[in-house]
$ cat protein-v4.txt   # compact mmCIF, C-alpha atoms
# COMPACT_ATOMS: atom_id res chain seq x y z
CA MET A 1 -61.17 45.71 -66.61
CA ARG A 2 -58.10 45.39 -64.40
CA GLY A 3 -60.03 42.99 -62.13
CA GLY A 4 -60.99 40.89 -65.14
CA LEU A 5 -57.34 40.71 -66.20
CA VAL A 6 -56.42 39.60 -62.70
CA VAL A 7 -59.02 36.83 -62.82
CA VAL A 8 -57.85 35.68 -66.26
CA ALA A 9 -54.22 35.84 -65.21
CA THR A 10 -55.00 33.90 -62.05
CA ALA A 11 -56.89 31.24 -63.95
CA PHE A 12 -54.08 31.02 -66.51
CA GLY A 13 -51.58 30.66 -63.68
CA VAL A 14 -53.60 27.85 -62.14
CA LEU A 15 -53.72 26.04 -65.51
CA VAL A 16 -50.00 26.54 -66.08
CA GLY A 17 -49.22 25.39 -62.54
CA ALA A 18 -51.39 22.30 -62.97
CA ALA A 19 -49.69 21.53 -66.28
CA GLY A 20 -46.30 21.97 -64.66
CA LYS A 21 -47.21 19.64 -61.83
CA ALA A 22 -48.52 17.06 -64.30
CA GLU A 23 -45.31 17.30 -66.31
CA ALA A 24 -43.25 16.94 -63.13
CA ALA A 25 -45.33 13.95 -62.08
CA GLY A 26 -44.75 12.36 -65.47
CA ALA A 27 -41.01 12.96 -65.19
CA ALA A 28 -41.07 11.52 -61.68
CA ASP A 29 -42.24 8.20 -63.13
CA GLU A 30 -38.80 7.70 -64.70
CA PRO A 31 -35.62 6.90 -62.75
CA ALA A 32 -33.47 9.99 -62.26
CA ALA A 33 -30.46 10.26 -64.57
CA TYR A 34 -26.92 10.48 -63.17
CA ARG A 35 -25.88 14.12 -62.78
CA MET A 36 -22.44 14.77 -64.24
CA ALA A 37 -20.11 17.24 -62.51
CA SER A 38 -20.93 20.88 -63.16
CA GLY A 39 -18.41 22.39 -65.54
CA ALA A 40 -16.97 19.01 -66.61
CA THR A 41 -14.76 19.08 -69.71
CA ALA A 42 -15.86 16.92 -72.65
CA VAL A 43 -13.02 14.90 -74.19
CA GLN A 44 -12.70 12.15 -76.77
CA GLY A 45 -10.35 9.34 -75.86
CA ALA A 46 -7.92 8.00 -78.43
CA GLU A 47 -8.91 4.69 -80.02
CA ASN A 48 -5.34 3.46 -80.50
CA SER A 49 -2.62 3.06 -77.87
CA ALA A 50 -0.11 4.55 -80.30
CA ASP A 51 -1.97 7.85 -80.25
CA ARG A 52 -1.62 10.30 -77.40
CA GLY A 53 -5.06 10.59 -75.86
CA PRO A 54 -6.41 13.77 -74.28
CA GLU A 55 -4.64 14.71 -71.06
CA LEU A 56 -6.49 14.32 -67.77
CA LYS A 57 -5.05 16.74 -65.24
CA ALA A 58 -4.92 16.05 -61.53
CA GLY A 59 -7.03 18.31 -59.39
CA ALA A 60 -10.54 19.65 -59.42
CA SER A 61 -11.14 18.97 -63.12
CA THR A 62 -13.65 16.31 -64.14
CA TYR A 63 -13.94 14.99 -67.69
CA THR A 64 -16.73 13.30 -69.65
CA ASP A 65 -16.71 10.97 -72.65
CA SER A 66 -18.73 8.00 -73.88
CA ILE A 67 -17.82 4.45 -74.80
CA LYS A 68 -19.41 1.85 -77.08
CA PRO A 69 -19.51 -1.92 -76.60
CA LYS A 70 -16.11 -3.61 -77.17
CA GLU A 71 -14.47 -0.19 -77.49
CA THR A 72 -11.19 0.80 -75.82
CA LYS A 73 -10.25 4.39 -75.11
CA TYR A 74 -6.91 5.88 -74.08
CA TYR A 75 -6.15 9.01 -72.08
CA THR A 76 -2.89 10.60 -70.95
CA VAL A 77 -1.91 11.38 -67.36
CA GLU A 78 1.37 12.91 -66.21
CA LEU A 79 2.90 11.21 -63.17
CA ASP A 80 5.84 12.42 -61.08
CA ALA A 81 8.14 10.15 -59.08
CA GLN A 82 6.73 10.95 -55.64
CA SER A 83 2.92 11.14 -55.79
CA SER A 84 0.54 8.21 -55.76
CA ALA A 85 -2.08 8.46 -58.52
CA TYR A 86 -5.70 7.34 -58.71
CA VAL A 87 -7.50 7.71 -62.05
CA SER A 88 -11.18 6.79 -62.01
CA ALA A 89 -13.97 6.13 -64.46
CA VAL A 90 -17.69 6.15 -63.71
CA ALA A 91 -19.78 4.38 -66.36
CA VAL A 92 -23.43 5.39 -66.43
CA PRO A 93 -25.94 3.15 -68.24
CA LYS A 94 -29.33 4.68 -68.86
CA ALA A 95 -31.33 4.41 -65.65
CA GLY A 96 -33.55 1.34 -65.74
CA SER A 97 -31.89 -0.17 -68.81
CA ALA A 98 -30.95 -3.83 -69.26
CA MET A 99 -27.32 -4.54 -70.06
CA GLY A 100 -25.56 -7.59 -71.44
CA LEU A 101 -24.35 -10.19 -68.96
CA ARG A 102 -20.74 -9.65 -70.11
CA ASP A 103 -21.01 -5.88 -70.25
CA GLY A 104 -19.12 -3.51 -67.97
CA ILE A 105 -15.86 -1.59 -67.91
CA ASP A 106 -12.21 -2.38 -67.25
CA VAL A 107 -9.81 0.35 -66.10
CA SER A 108 -6.02 0.19 -66.06
CA LEU A 109 -2.97 2.43 -65.91
CA GLN A 110 -0.02 1.72 -68.22
CA ALA A 111 3.55 3.00 -68.40
CA PRO A 112 4.88 4.32 -71.75
CA ASP A 113 6.41 0.89 -72.49
CA GLY A 114 3.10 -0.87 -71.84
CA THR A 115 3.91 -2.06 -68.30
CA GLN A 116 0.75 -2.24 -66.24
CA CYS A 117 0.77 -0.26 -63.02
CA GLY A 118 -0.94 -2.32 -60.36
CA THR A 119 -3.96 -4.48 -61.14
CA ALA A 120 -6.54 -3.78 -63.83
CA ARG A 121 -10.02 -3.45 -62.35
CA HIS A 122 -13.24 -4.86 -63.80
CA ARG A 123 -16.68 -3.59 -62.89
CA SER A 124 -19.74 -5.35 -64.28
CA PHE A 125 -23.07 -3.64 -64.93
CA LEU A 126 -24.62 -6.65 -63.16
CA SER A 127 -27.78 -6.56 -65.25
CA VAL A 128 -29.19 -9.60 -63.45
CA GLY A 129 -30.57 -7.09 -60.97
CA GLY A 130 -30.75 -4.12 -63.32
CA ALA A 131 -28.07 -1.74 -64.57
CA TYR A 132 -26.72 1.05 -62.38
CA PRO A 133 -23.66 3.34 -62.40
CA VAL A 134 -20.37 1.56 -61.72
CA ALA A 135 -17.03 3.13 -60.79
CA ASP A 136 -13.46 2.26 -59.92
CA TYR A 137 -9.93 3.58 -60.34
CA ALA A 138 -6.60 2.36 -61.62
CA GLU A 139 -3.76 3.27 -59.27
CA ARG A 140 -0.03 3.85 -59.07
CA VAL A 141 0.96 3.73 -55.41
CA VAL A 142 4.50 4.90 -54.73
CA LYS A 143 6.43 2.36 -52.65
CA PRO A 144 9.87 0.71 -52.85
CA GLY A 145 10.16 -1.78 -55.70
CA ALA A 146 6.76 -0.97 -57.19
CA ALA A 147 6.24 -0.77 -60.95
CA CYS A 148 5.78 2.52 -62.76
CA GLY A 149 7.91 4.55 -60.37
CA ALA A 150 9.47 6.77 -63.02
CA PRO A 151 7.99 10.17 -63.92
CA GLY A 152 6.48 10.59 -67.36
CA SER A 153 3.37 10.31 -69.53
CA TYR A 154 1.21 7.30 -68.68
CA ARG A 155 -1.91 5.89 -70.34
CA PHE A 156 -5.22 5.52 -68.56
CA VAL A 157 -7.24 2.86 -70.38
CA VAL A 158 -11.01 2.30 -70.28
CA GLU A 159 -12.43 -0.75 -72.07
CA ARG A 160 -16.07 -1.72 -72.37
CA GLY A 161 -17.37 -5.28 -72.52
CA ASP A 162 -19.73 -7.13 -74.83
CA ALA A 163 -23.29 -5.76 -74.90
CA LEU A 164 -24.76 -8.99 -76.31
CA GLY A 165 -28.29 -9.40 -74.96
CA GLY A 166 -28.50 -5.85 -73.63
CA ASP A 167 -28.41 -2.17 -74.51
CA ALA A 168 -25.78 -1.62 -77.22
CA SER A 169 -25.86 2.18 -77.14
CA ALA A 170 -22.83 4.23 -76.06
CA VAL A 171 -22.55 4.72 -72.30
CA PRO A 172 -21.48 8.09 -70.81
CA ILE A 173 -18.36 7.97 -68.63
CA GLU A 174 -17.02 10.46 -66.10
CA LEU A 175 -13.24 10.61 -65.57
CA LYS A 176 -11.18 12.03 -62.70
CA TYR A 177 -7.49 12.02 -61.75
CA VAL A 178 -6.42 12.43 -58.12
CA ALA A 179 -2.75 12.80 -57.16
CA GLU A 180 -1.73 12.11 -53.59
CA PRO A 181 1.54 13.68 -52.38
CA PRO A 182 4.01 11.47 -50.45
CA GLN A 183 3.04 10.09 -47.07
CA ARG A 184 5.14 11.28 -44.13
CA THR A 185 7.67 8.53 -43.36
CA GLU A 186 7.33 8.72 -39.58
CA SER A 187 3.58 7.99 -39.70
CA ALA A 188 3.70 5.05 -42.09
CA ASP A 189 3.69 2.47 -39.28
CA THR A 190 0.82 4.25 -37.50
CA LEU A 191 -1.53 3.98 -40.46
CA SER A 192 -0.55 0.50 -41.60
CA ALA A 193 -2.87 -2.20 -42.88
CA PRO A 194 -5.46 -3.02 -40.19
CA GLY A 195 -4.98 -6.80 -40.04
CA ALA A 196 -7.88 -8.84 -38.66
CA TRP A 197 -10.94 -6.71 -38.02
CA SER A 198 -14.40 -7.32 -36.68
CA SER A 199 -17.47 -6.95 -38.89
CA GLN A 200 -19.77 -7.05 -35.86
CA ALA A 201 -21.94 -3.94 -35.68
CA PRO A 202 -21.89 -1.81 -32.52
CA PRO A 203 -24.22 -3.20 -29.81
CA LYS A 204 -26.22 0.02 -29.64
CA PRO A 205 -27.47 0.84 -33.14
CA PRO A 206 -28.79 4.32 -33.92
CA GLN A 207 -32.11 4.99 -32.21
CA GLY A 208 -35.01 7.36 -32.75
CA ALA A 209 -37.29 8.35 -35.56
CA ALA A 210 -36.05 8.23 -39.14
CA GLU A 211 -35.26 11.56 -40.77
CA GLY A 212 -36.42 12.08 -44.34
CA ILE A 213 -33.78 12.57 -47.03
CA ALA A 214 -33.56 12.51 -50.83
CA GLY A 215 -30.46 10.78 -52.13
CA GLY A 216 -28.48 12.22 -55.02
CA THR A 217 -28.13 10.81 -58.53
CA GLY A 218 -24.35 10.28 -58.33
CA PHE A 219 -21.06 11.28 -56.74
CA ASN A 220 -21.52 14.95 -57.59
CA ASP A 221 -24.80 15.53 -55.75
CA ALA A 222 -24.71 12.79 -53.12
CA ALA A 223 -26.70 13.65 -49.99
CA GLU A 224 -24.77 13.79 -46.71
CA LEU A 225 -25.68 11.26 -44.04
CA ARG A 226 -24.62 11.57 -40.43
CA PRO A 227 -24.77 8.49 -38.20
CA GLY A 228 -28.43 7.88 -37.57
CA ILE A 229 -31.63 6.63 -39.21
CA TRP A 230 -32.79 8.01 -42.54
CA ARG A 231 -35.75 7.39 -44.81
CA ASP A 232 -35.97 7.69 -48.60
CA GLU A 233 -38.11 6.23 -51.36
CA LEU A 234 -36.88 4.56 -54.55
CA ARG A 235 -38.71 3.78 -57.74
CA PRO A 236 -37.81 0.72 -59.87
CA GLY A 237 -34.56 1.54 -61.68
CA ASP A 238 -33.42 4.17 -59.17
CA THR A 239 -29.93 4.39 -57.70
CA ARG A 240 -29.50 6.94 -54.91
CA PHE A 241 -26.13 8.23 -53.67
CA TYR A 242 -25.24 9.32 -50.14
CA ARG A 243 -21.93 10.37 -48.61
CA VAL A 244 -20.70 9.54 -45.11
CA SER A 245 -17.60 10.93 -43.40
CA VAL A 246 -15.25 8.17 -42.19
CA ASP A 247 -12.11 9.01 -40.22
CA ALA A 248 -8.81 7.13 -39.99
CA GLY A 249 -9.26 4.09 -37.74
CA GLU A 250 -13.05 4.03 -38.10
CA GLN A 251 -15.43 1.50 -39.64
CA LEU A 252 -18.66 2.21 -41.47
CA PHE A 253 -21.76 0.10 -40.80
CA ALA A 254 -24.87 0.52 -42.95
CA ASP A 255 -28.22 -1.25 -43.38
CA ALA A 256 -30.69 -0.56 -46.17
CA GLU A 257 -34.13 -1.86 -45.20
CA PHE A 258 -36.47 -2.02 -48.19
CA GLY A 259 -40.16 -1.93 -47.34
CA GLY A 260 -42.76 -4.35 -48.58
CA SER A 261 -45.34 -3.79 -51.29
CA ASP A 262 -49.05 -4.63 -51.30
CA LYS A 263 -48.80 -5.40 -55.01
CA GLY A 264 -47.66 -8.63 -56.60
CA VAL A 265 -43.93 -8.56 -57.32
CA PRO A 266 -42.09 -11.46 -58.96
CA MET A 267 -38.86 -12.59 -57.32
CA VAL A 268 -35.99 -10.49 -58.67
CA ILE A 269 -32.54 -11.94 -58.07
CA GLY A 270 -30.28 -9.10 -56.98
CA GLY A 271 -33.34 -6.88 -56.84
CA VAL A 272 -31.98 -4.59 -54.12
CA ARG A 273 -28.42 -3.39 -53.65
CA LEU A 274 -26.14 -1.50 -51.26
CA GLY A 275 -22.76 -0.45 -52.67
CA LEU A 276 -19.82 1.62 -51.44
CA ASN A 277 -17.00 3.63 -53.07
CA ASN A 278 -14.25 5.67 -51.47
CA ALA A 279 -13.32 9.35 -51.74
CA ALA A 280 -11.38 8.78 -54.97
CA ARG A 281 -14.32 6.77 -56.41
CA GLY A 282 -12.56 3.47 -55.88
CA PHE A 283 -14.68 0.34 -55.37
CA VAL A 284 -15.00 -0.90 -51.78
CA MET A 285 -17.84 -3.42 -51.78
CA ASN A 286 -21.20 -4.32 -53.28
CA LYS A 287 -24.02 -6.22 -51.53
CA THR A 288 -27.23 -7.47 -53.14
CA THR A 289 -30.17 -9.67 -52.24
CA GLY A 290 -33.41 -10.81 -53.84
CA TYR A 291 -36.64 -8.87 -53.64
CA GLN A 292 -40.24 -10.11 -53.97
CA GLY A 293 -42.28 -7.27 -52.58
CA LYS A 294 -41.59 -8.32 -49.00
CA PRO A 295 -39.31 -6.43 -46.59
CA ALA A 296 -35.64 -7.09 -47.37
CA THR A 297 -32.43 -5.81 -45.80
CA VAL A 298 -28.94 -5.41 -47.26
CA SER A 299 -26.06 -4.72 -44.86
CA LEU A 300 -22.38 -3.88 -45.08
CA ALA A 301 -19.50 -3.47 -42.62
CA THR A 302 -16.16 -2.09 -43.75
CA PRO A 303 -12.61 -2.64 -42.59
CA PRO A 304 -11.19 0.35 -40.72
CA ALA A 305 -10.08 3.28 -42.84
CA SER A 306 -6.29 3.09 -42.94
CA TYR A 307 -3.65 4.66 -45.17
CA GLY A 308 -1.85 1.33 -45.47
CA GLY A 309 -5.04 -0.43 -46.55
CA GLY A 310 -4.32 -2.87 -49.33
CA ALA A 311 -0.55 -2.60 -48.98
CA GLY A 312 -0.31 -6.15 -47.75
CA GLY A 313 -3.31 -7.67 -49.51
CA GLY A 314 -6.63 -8.27 -47.78
CA GLY A 315 -8.96 -7.92 -50.74
CA GLU A 316 -10.83 -5.10 -52.41
CA ALA A 317 -12.58 -3.89 -49.26
CA VAL A 318 -9.28 -3.33 -47.43
CA ARG A 319 -7.75 -1.76 -50.54
CA GLY A 320 -10.73 0.56 -50.87
CA MET A 321 -10.60 1.83 -47.29
CA ARG A 322 -7.23 3.59 -47.69
CA PHE A 323 -8.56 7.14 -47.26
CA ALA A 324 -10.09 9.23 -44.53
CA GLY A 325 -12.91 11.38 -45.88
CA TRP A 326 -16.17 10.91 -47.76
CA TYR A 327 -17.39 7.41 -48.56
CA TYR A 328 -20.24 7.05 -51.04
CA LEU A 329 -23.14 4.70 -50.32
CA GLN A 330 -25.32 3.68 -53.25
CA VAL A 331 -28.78 2.18 -52.85
CA SER A 332 -30.42 0.59 -55.90
CA LEU A 333 -33.82 -0.91 -56.71
CA SER A 334 -33.93 -3.08 -59.81
CA PRO A 335 -36.06 -1.91 -62.75
CA LYS A 336 -37.38 -5.49 -62.86
CA VAL A 337 -39.30 -4.83 -59.67
CA ARG A 338 -42.94 -4.27 -60.56
CA GLN A 339 -45.12 -2.41 -58.10
CA GLY A 340 -48.39 -2.84 -59.93
CA SER A 341 -48.96 0.86 -60.52
CA ARG A 342 -46.93 3.29 -62.63
CA GLY A 343 -44.38 5.27 -60.64
CA ALA A 344 -45.02 3.55 -57.30
CA GLY A 345 -42.00 3.63 -55.01
CA VAL A 346 -40.54 1.45 -52.28
CA PRO A 347 -39.67 3.02 -48.91
CA VAL A 348 -36.08 2.51 -47.79
CA THR A 349 -34.79 2.99 -44.25
CA LEU A 350 -31.04 3.57 -43.91
CA ARG A 351 -29.29 2.89 -40.62
CA VAL A 352 -25.79 4.35 -40.64
CA ASP A 353 -23.16 4.12 -37.92
CA VAL A 354 -19.46 4.95 -37.73
CA ALA A 355 -17.40 3.35 -34.95
CA GLY A 356 -13.82 3.06 -33.80
CA ALA A 357 -12.19 -0.01 -35.32
CA ARG A 358 -11.48 -3.09 -33.25
CA LYS A 359 -9.68 -6.38 -33.74
CA ALA A 360 -11.64 -9.47 -34.64
CA ASP A 361 -11.08 -11.10 -31.23
CA GLN A 362 -11.85 -8.04 -29.14
CA GLY A 363 -14.96 -6.26 -27.97
CA VAL A 364 -16.92 -3.58 -29.65
CA GLY A 365 -15.31 -0.19 -30.22
CA ARG A 366 -16.83 3.18 -29.48
CA SER A 367 -19.83 3.96 -31.62
CA GLN A 368 -20.49 7.48 -32.79
CA GLY A 369 -24.16 7.09 -32.01
CA SER A 370 -26.98 8.79 -33.87
CA GLY A 371 -26.12 11.99 -35.62
CA GLY A 372 -23.02 12.88 -33.59
CA HIS A 373 -19.34 13.47 -34.13
CA PRO A 374 -16.65 11.38 -32.47
CA GLY A 375 -15.82 12.37 -28.95
CA GLY A 376 -13.19 11.44 -26.41
CA GLU A 377 -9.65 10.27 -26.97
CA GLY A 378 -7.97 7.03 -27.88
CA GLY A 379 -8.89 3.42 -27.59
CA GLY A 380 -12.64 3.04 -27.23
CA VAL A 381 -14.51 0.51 -25.11
CA GLY A 382 -12.89 -2.90 -25.19
CA GLY A 383 -11.32 -2.21 -28.58
CA GLU A 384 -8.04 -1.12 -30.09
CA LEU A 385 -8.18 1.78 -32.53
CA VAL A 386 -5.98 1.75 -35.59
CA ALA A 387 -5.57 5.49 -35.03
CA SER A 388 -6.87 7.79 -32.32
CA ALA A 389 -10.52 8.70 -32.80
CA GLY A 390 -9.80 12.32 -31.94
CA THR A 391 -12.18 15.15 -31.21
CA GLY A 392 -15.14 16.84 -32.85
CA PRO A 393 -13.36 19.93 -34.28
CA ARG A 394 -10.69 17.75 -35.92
CA LYS A 395 -13.47 15.71 -37.46
CA GLU A 396 -14.90 18.82 -39.03
CA TRP A 397 -11.44 19.59 -40.46
CA LEU A 398 -11.27 16.13 -42.00
CA ARG A 399 -14.74 16.58 -43.45
CA THR A 400 -13.49 19.66 -45.26
CA ILE A 401 -10.43 18.06 -46.80
CA GLY A 402 -12.38 14.88 -47.51
CA TYR A 403 -14.74 16.83 -49.72
CA VAL A 404 -12.36 19.45 -51.09
CA GLY A 405 -8.88 18.01 -50.77
CA ILE A 406 -9.13 14.88 -52.82
CA GLY A 407 -11.20 16.73 -55.35
CA THR A 408 -8.38 19.19 -55.89
CA GLY A 409 -5.60 16.65 -56.10
CA THR A 410 -4.16 17.25 -52.64
CA THR A 411 -3.86 14.38 -50.21
CA LEU A 412 -6.75 13.49 -47.95
CA LEU A 413 -4.21 12.64 -45.32
CA LEU A 414 -2.11 15.80 -45.61
CA GLY A 415 -1.38 16.68 -42.03
CA LEU A 416 -2.91 13.43 -40.81
CA GLY A 417 0.54 11.88 -40.54
CA ALA A 418 1.70 14.65 -38.21
CA TRP A 419 -1.57 14.36 -36.28
CA ALA A 420 -1.16 10.60 -35.91
CA LEU A 421 2.42 11.04 -34.68
CA LEU A 422 1.29 13.57 -32.08
CA ALA A 423 -1.58 11.32 -31.04
CA ARG A 424 0.80 8.41 -30.59
CA ARG A 425 3.12 10.52 -28.43
CA ARG A 426 0.19 11.85 -26.41
CA ASP A 427 -1.33 8.40 -25.81
CA GLY A 428 2.10 6.95 -25.01
$ encode --input "protein-v4.txt" --output "structure tokens"
Amino acid sequence: MRGGLVVVATAFGVLVGAAGKAEAAGAADEPAAYRMASGATAVQGAENSADRGPELKAGASTYTDSIKPKETKYYTVELDAQSSAYVSAVAVPKAGSAMGLRDGIDVSLQAPDGTQCGTARHRSFLSVGGAYPVADYAERVVKPGAACGAPGSYRFVVERGDALGGDASAVPIELKYVAEPPQRTESADTLSAPGAWSSQAPPKPPQGAAEGIAGGTGFNDAAELRPGIWRDELRPGDTRFYRVSVDAGEQLFADAEFGGSDKGVPMVIGGVRLGLNNAARGFVMNKTTGYQGKPATVSLATPPASYGGGAGGGGEAVRGMRFAGWYYLQVSLSPKVRQGSRGAGVPVTLRVDVAGARKADQGVGRSQGSGGHPGGEGGGVGGELVASAGTGPRKEWLRTIGYVGIGTGTTLLLGLGAWALLARRRDG
């Protein structure tokens, strides 16, 4: 009798396992949903600027809300007189959905009297190529003569656009406030805006076989990429997130090579995408190209990471590269791409490199190579570093504060000013 029960139980287990696999396969046909931060606090933003919205506290806390088309929501943040502040919003349309051409979010930071701190930022859902998560921050950077220098209660404002022609349902948003303590005065000139920089990739790109990886659904579960070659697979409507450690004075170079398909695919404008955000979820750049089932490549090259980035202009890419720490690559495949069979994916090869920055009229700086940490000291080959490249153990230290520090409201560059000063004295 016991043997019969074992047989029945085994058969039942096989059936249950098969059903589970079928269910998993069915779920795999749909684009993965963005994973909100574990333990995030749900809030409801005020609908009127006269009302005090829920307070977003600087540090490890993450908050969630939702926003409807043409809706504006207000939140409260407390600013002191010394710390720079970065308050971000991530808007997450349903994976694979189509959004209105004028839909997206605007984020801004306002003083109690309504004065705007810095520039309001607009991020479009870009539904021409298919909707995907978008993110940016509003900022108050402490510097002489800047607006909003007084301590007090400020308003963080999130406004959604017109959903005409697209999905009019409420969109989840994820909110985060990062406070950055004052920069050390003596290092301010060391980490100044980079000036002219070269977008030329290192002459020796990463070599070797691609290593398999599964990208995350968002900032909270992004997969770590070291310099090297990586391989993933995306289904139509997917956006995958990856994080790459970038040090002060380094540039990030990335290629996303989308494979071809043996099925008929109509031309999709903006069908493939490679985007980048910084450690505080600020926008850096966004690259797209068309896709018609044939191999297609999207590439990006950043300015060097520099604390003074954006202080003297230079555009969004320079502004976005103001931190050392994690940078978040996003790779998207439009839901309009049709592969001919349900759930079929497109292979994507990622080539990632991190190199010492160089001026536009100089040679190529030192590349990190495939899978390694920076080595050696100082200026690189034929190039001039914005800051010393440093050594491997220091890189590991920056990886730690890049992931933990800015998430807990402490500065990514805490101690970096002293390090830069010492490096300058040592190299001098």
$ atom_distance --input "protein-v4.txt" --atom1 "atom CA of Ala111 of chain A" --atom2 "atom CA of Ser83 of chain A"
15.0 Å
$ atom_distance --input "protein-v4.txt" --atom1 "atom CA of Asp232 of chain A" --atom2 "atom CA of Ala324 of chain A"
26.2 Å
$ residues_around --input "protein-v4.txt" --residues "Arg322 of chain A" --least-positions-apart "2" --cutoff "6 Å" --atoms "all atoms listed in the file" --output "NGL selection string"
:A and (305-307 or 309 or 320)
$ residues_around --input "protein-v4.txt" --residues "segment 239-241 of chain A" --least-positions-apart "6" --cutoff "6 Å" --atoms "only C-alpha atoms" --output "PyMOL selection string"
chain A and resi 215-218+222+329-332
$ closest_residue --input "protein-v4.txt" --among "A:Gly282, A:Val272, A:Pro144, A:Leu350" --to "Gly212 of chain A" --atoms "all atoms listed in the file"
A:Leu350
$ decode --input "protein-v4.txt" --residues "segment 228-240 of chain A" --atoms "N, CA, C and O atoms" --output "tab-separated table (two decimals), in the first residue's frame"
chain	number	residue	atom	x	y	z
A	228	GLY	N	32.96	44.15	-19.73
A	228	GLY	CA	33.03	42.88	-20.41
A	228	GLY	C	31.91	42.73	-21.41
A	228	GLY	O	31.27	43.71	-21.83
A	229	ILE	N	31.63	41.49	-21.80
A	229	ILE	CA	30.59	41.18	-22.79
A	229	ILE	C	29.55	40.30	-22.11
A	229	ILE	O	29.88	39.30	-21.48
A	230	TRP	N	28.29	40.68	-22.27
A	230	TRP	CA	27.19	40.00	-21.60
A	230	TRP	C	26.08	39.70	-22.59
A	230	TRP	O	25.92	40.40	-23.59
A	231	ARG	N	25.32	38.66	-22.29
A	231	ARG	CA	24.25	38.25	-23.21
A	231	ARG	C	22.95	38.06	-22.43
A	231	ARG	O	22.93	37.39	-21.40
A	232	ASP	N	21.88	38.64	-22.93
A	232	ASP	CA	20.55	38.52	-22.34
A	232	ASP	C	19.57	38.29	-23.48
A	232	ASP	O	19.95	38.25	-24.65
A	233	GLU	N	18.31	38.13	-23.13
A	233	GLU	CA	17.26	37.98	-24.14
A	233	GLU	C	16.04	38.77	-23.70
A	233	GLU	O	15.60	38.67	-22.56
A	234	LEU	N	15.50	39.58	-24.61
A	234	LEU	CA	14.33	40.41	-24.31
A	234	LEU	C	13.16	40.00	-25.17
A	234	LEU	O	13.31	39.66	-26.35
A	235	ARG	N	11.98	40.01	-24.56
A	235	ARG	CA	10.75	39.83	-25.30
A	235	ARG	C	10.18	41.20	-25.66
A	235	ARG	O	10.50	42.19	-25.01
A	236	PRO	N	9.31	41.28	-26.68
A	236	PRO	CA	8.68	42.56	-27.00
A	236	PRO	C	8.00	43.16	-25.76
A	236	PRO	O	7.25	42.49	-25.07
A	237	GLY	N	8.30	44.42	-25.47
A	237	GLY	CA	7.74	45.09	-24.30
A	237	GLY	C	8.65	45.07	-23.09
A	237	GLY	O	8.39	45.78	-22.11
A	238	ASP	N	9.73	44.31	-23.13
A	238	ASP	CA	10.64	44.21	-21.99
A	238	ASP	C	11.53	45.44	-21.86
A	238	ASP	O	11.98	46.01	-22.87
A	239	THR	N	11.82	45.83	-20.62
A	239	THR	CA	12.91	46.74	-20.29
A	239	THR	C	13.72	46.07	-19.20
A	239	THR	O	13.17	45.68	-18.17
A	240	ARG	N	15.02	45.89	-19.44
A	240	ARG	CA	15.91	45.27	-18.46
A	240	ARG	C	16.86	46.32	-17.89
A	240	ARG	O	17.35	47.19	-18.62
